[in-house]
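Structure file coords23.cif; described as mmCIF, C-alpha atoms.
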data_model
#
loop_
_atom_site.group_PDB
_atom_site.id
_atom_site.type_symbol
_atom_site.label_atom_id
_atom_site.label_comp_id
_atom_site.auth_asym_id
_atom_site.auth_seq_id
_atom_site.Cartn_x
_atom_site.Cartn_y
_atom_site.Cartn_z
ATOM 1 C CA MET A 20 0.000 0.000 0.000
ATOM 2 C CA GLY A 21 1.169 3.526 -0.714
ATOM 3 C CA GLY A 22 0.956 6.723 1.246
ATOM 4 C CA GLY A 23 -2.405 8.448 1.274
ATOM 5 C CA ASN A 24 -3.243 12.073 0.669
ATOM 6 C CA ALA A 25 -3.309 12.793 4.404
ATOM 7 C CA GLN A 26 0.253 11.585 4.793
ATOM 8 C CA LYS A 27 1.421 13.670 1.823
ATOM 9 C CA SER A 28 -0.339 16.743 3.211
ATOM 10 C CA LYS A 29 1.268 16.234 6.618
ATOM 11 C CA MET A 30 4.729 15.958 5.086
ATOM 12 C CA ALA A 31 4.136 19.101 3.001
ATOM 13 C CA ARG A 32 2.985 21.050 6.084
ATOM 14 C CA GLU A 33 6.072 19.976 8.044
ATOM 15 C CA LYS A 34 8.342 20.905 5.156
ATOM 16 C CA ASN A 35 6.741 24.348 4.791
ATOM 17 C CA LEU A 36 6.920 24.927 8.538
ATOM 18 C CA GLU A 37 10.662 24.221 8.522
ATOM 19 C CA LYS A 38 11.120 26.617 5.591
ATOM 20 C CA ALA A 39 9.217 29.355 7.401
ATOM 21 C CA ARG A 40 11.313 28.934 10.541
ATOM 22 C CA ALA A 41 14.529 29.050 8.534
ATOM 23 C CA ALA A 42 13.446 32.247 6.792
ATOM 24 C CA GLY A 43 12.523 33.907 10.093
ATOM 25 C CA LYS A 44 8.899 34.235 9.104
ATOM 26 C CA GLY A 45 5.891 32.718 10.740
ATOM 27 C CA SER A 46 3.686 34.049 13.472
ATOM 28 C CA GLN A 47 3.414 37.768 14.002
ATOM 29 C CA LEU A 48 2.265 37.422 17.604
ATOM 30 C CA GLU A 49 5.591 38.518 19.078
ATOM 31 C CA ALA A 50 5.672 41.667 16.949
ATOM 32 C CA ASN A 51 2.102 42.474 17.972
ATOM 33 C CA LYS A 52 2.964 42.150 21.654
ATOM 34 C CA LYS A 53 5.852 44.576 21.256
ATOM 35 C CA ALA A 54 3.591 47.112 19.508
ATOM 36 C CA MET A 55 1.147 47.202 22.439
ATOM 37 C CA ASN A 56 2.700 50.202 24.149
ATOM 38 C CA ILE A 57 -0.283 52.452 24.959
ATOM 39 C CA GLN A 58 -1.783 51.487 28.294
ATOM 40 C CA CYS A 59 -4.825 52.687 30.201
ATOM 41 C CA LYS A 60 -3.592 53.692 33.649
ATOM 42 C CA VAL A 61 -6.906 52.782 35.316
ATOM 43 C CA CYS A 62 -7.506 49.210 34.086
ATOM 44 C CA MET A 63 -4.053 48.521 32.571
ATOM 45 C CA GLN A 64 -5.530 47.443 29.219
ATOM 46 C CA THR A 65 -2.982 47.762 26.425
ATOM 47 C CA PHE A 66 -3.532 49.193 22.963
ATOM 48 C CA ILE A 67 -1.458 48.981 19.799
ATOM 49 C CA CYS A 68 0.826 51.944 19.147
ATOM 50 C CA ILE A 69 -1.198 53.212 16.160
ATOM 51 C CA THR A 70 -4.379 53.625 18.233
ATOM 52 C CA SER A 71 -5.924 57.028 17.621
ATOM 53 C CA GLU A 72 -6.869 59.576 20.251
ATOM 54 C CA VAL A 73 -10.522 58.952 19.369
ATOM 55 C CA LYS A 74 -10.231 55.271 20.314
ATOM 56 C CA CYS A 75 -8.569 56.196 23.599
ATOM 57 C CA ARG A 76 -11.389 58.634 24.373
ATOM 58 C CA GLU A 77 -14.000 55.988 23.471
ATOM 59 C CA HIS A 78 -12.367 53.525 25.857
ATOM 60 C CA ALA A 79 -12.227 56.069 28.669
ATOM 61 C CA GLU A 80 -15.868 57.103 28.241
ATOM 62 C CA ALA A 81 -17.152 53.535 27.926
ATOM 63 C CA LYS A 82 -15.102 51.787 30.593
ATOM 64 C CA HIS A 83 -14.335 54.608 33.055
ATOM 65 C CA PRO A 84 -17.131 57.218 32.887
ATOM 66 C CA LYS A 85 -16.218 58.684 36.282
ATOM 67 C CA ALA A 86 -12.521 59.082 35.459
ATOM 68 C CA ASP A 87 -11.076 61.825 33.294
ATOM 69 C CA VAL A 88 -9.694 60.882 29.871
ATOM 70 C CA TYR A 89 -6.290 62.225 30.907
ATOM 71 C CA THR A 90 -6.320 60.020 34.013
ATOM 72 C CA CYS A 91 -6.569 56.975 31.755
ATOM 73 C CA PHE A 92 -4.192 58.209 29.067
ATOM 74 C CA PRO A 93 -1.755 60.884 30.349
ATOM 75 C CA HIS A 94 0.054 60.994 26.992
ATOM 76 C CA LEU A 95 -2.975 62.803 25.495
ATOM 77 C CA LYS A 96 -2.290 65.963 27.538
ATOM 78 C CA LYS A 97 0.269 67.214 24.998
#
Mind converting the file's structure to C-alpha cells?
Amino acid sequence: MGGGNAQKSKMAREKNLEKARAAGKGSQLEANKKAMNIQCKVCMQTFICITSEVKCREHAEAKHPKADVYTCFPHLKK
C-alpha cells in the first residue's frame, strides 16, 4: 500500500513549517505584543501603538465614565 493524501499533506505542512522557521517568518504574535505600548492607567488594558486619540477617548468614556480621559491616558495631555 502507498501513502495516502493525508500523509502527503502532513509531510508538506512539516516541510513548509521548517522553511518558514529558517526564513525567520511565521507568526506575528511577538511583533504584535511589542507594539502594544499604549496602556490605560486605570484598568491597565494595552492598545497597539497606532491607536488614535478617538479610540482612547471611546475607551475612557465607555469603561471609566467617572474618570477623566487624561487620568486613563496621560500621553494625550500634549
* **Explicit residues for the PyMOL selection byres ((chain A and resi 72-74) around 12) (as JSON, numbers by chain)** => {"A": [57, 59, 66, 67, 68, 69, 70, 71, 75, 76, 77, 78, 79, 80, 81, 82, 88, 89, 91, 92, 93, 94, 95, 96, 97]}
* Asked: Quick one: distance from CA of Lys53 (chain A) to CA of Ala41 (chain A) in Å, one decimal?
  -> 21.9 Å
* When you draw a straight line from CA of Asn35 (chain A) to CA of Glu49 (chain A), how long is it in Å? ->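 CA of Glu49 (chain A) lies 20.2 Å from CA of Asn35 (chain A).
Nearest residue to Gln58 (chain A) among A:Ala39, A:Thr90, A:Lys85, A:Glu33 is A:Thr90, counting all atoms listed in the file.
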Provide an axis-aligned box for all listed atoms of region 58-62 of chain A, padding each side by 5 Å; report its centre and its edge lengths in Å to one decimal, as lines of an AutoDock Vina configuration file.
center_x = -4.6
center_y = 51.5
center_z = 31.8
size_x = 15.7
size_y = 14.5
size_z = 17.0
* **Atomic separation - CA of Lys34 (chain A) relative to CA of Ser46 (chain A), Å** =>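 Atom-to-atom, CA of Ser46 (chain A) and CA of Lys34 (chain A) are spaced 16.2 Å apart.
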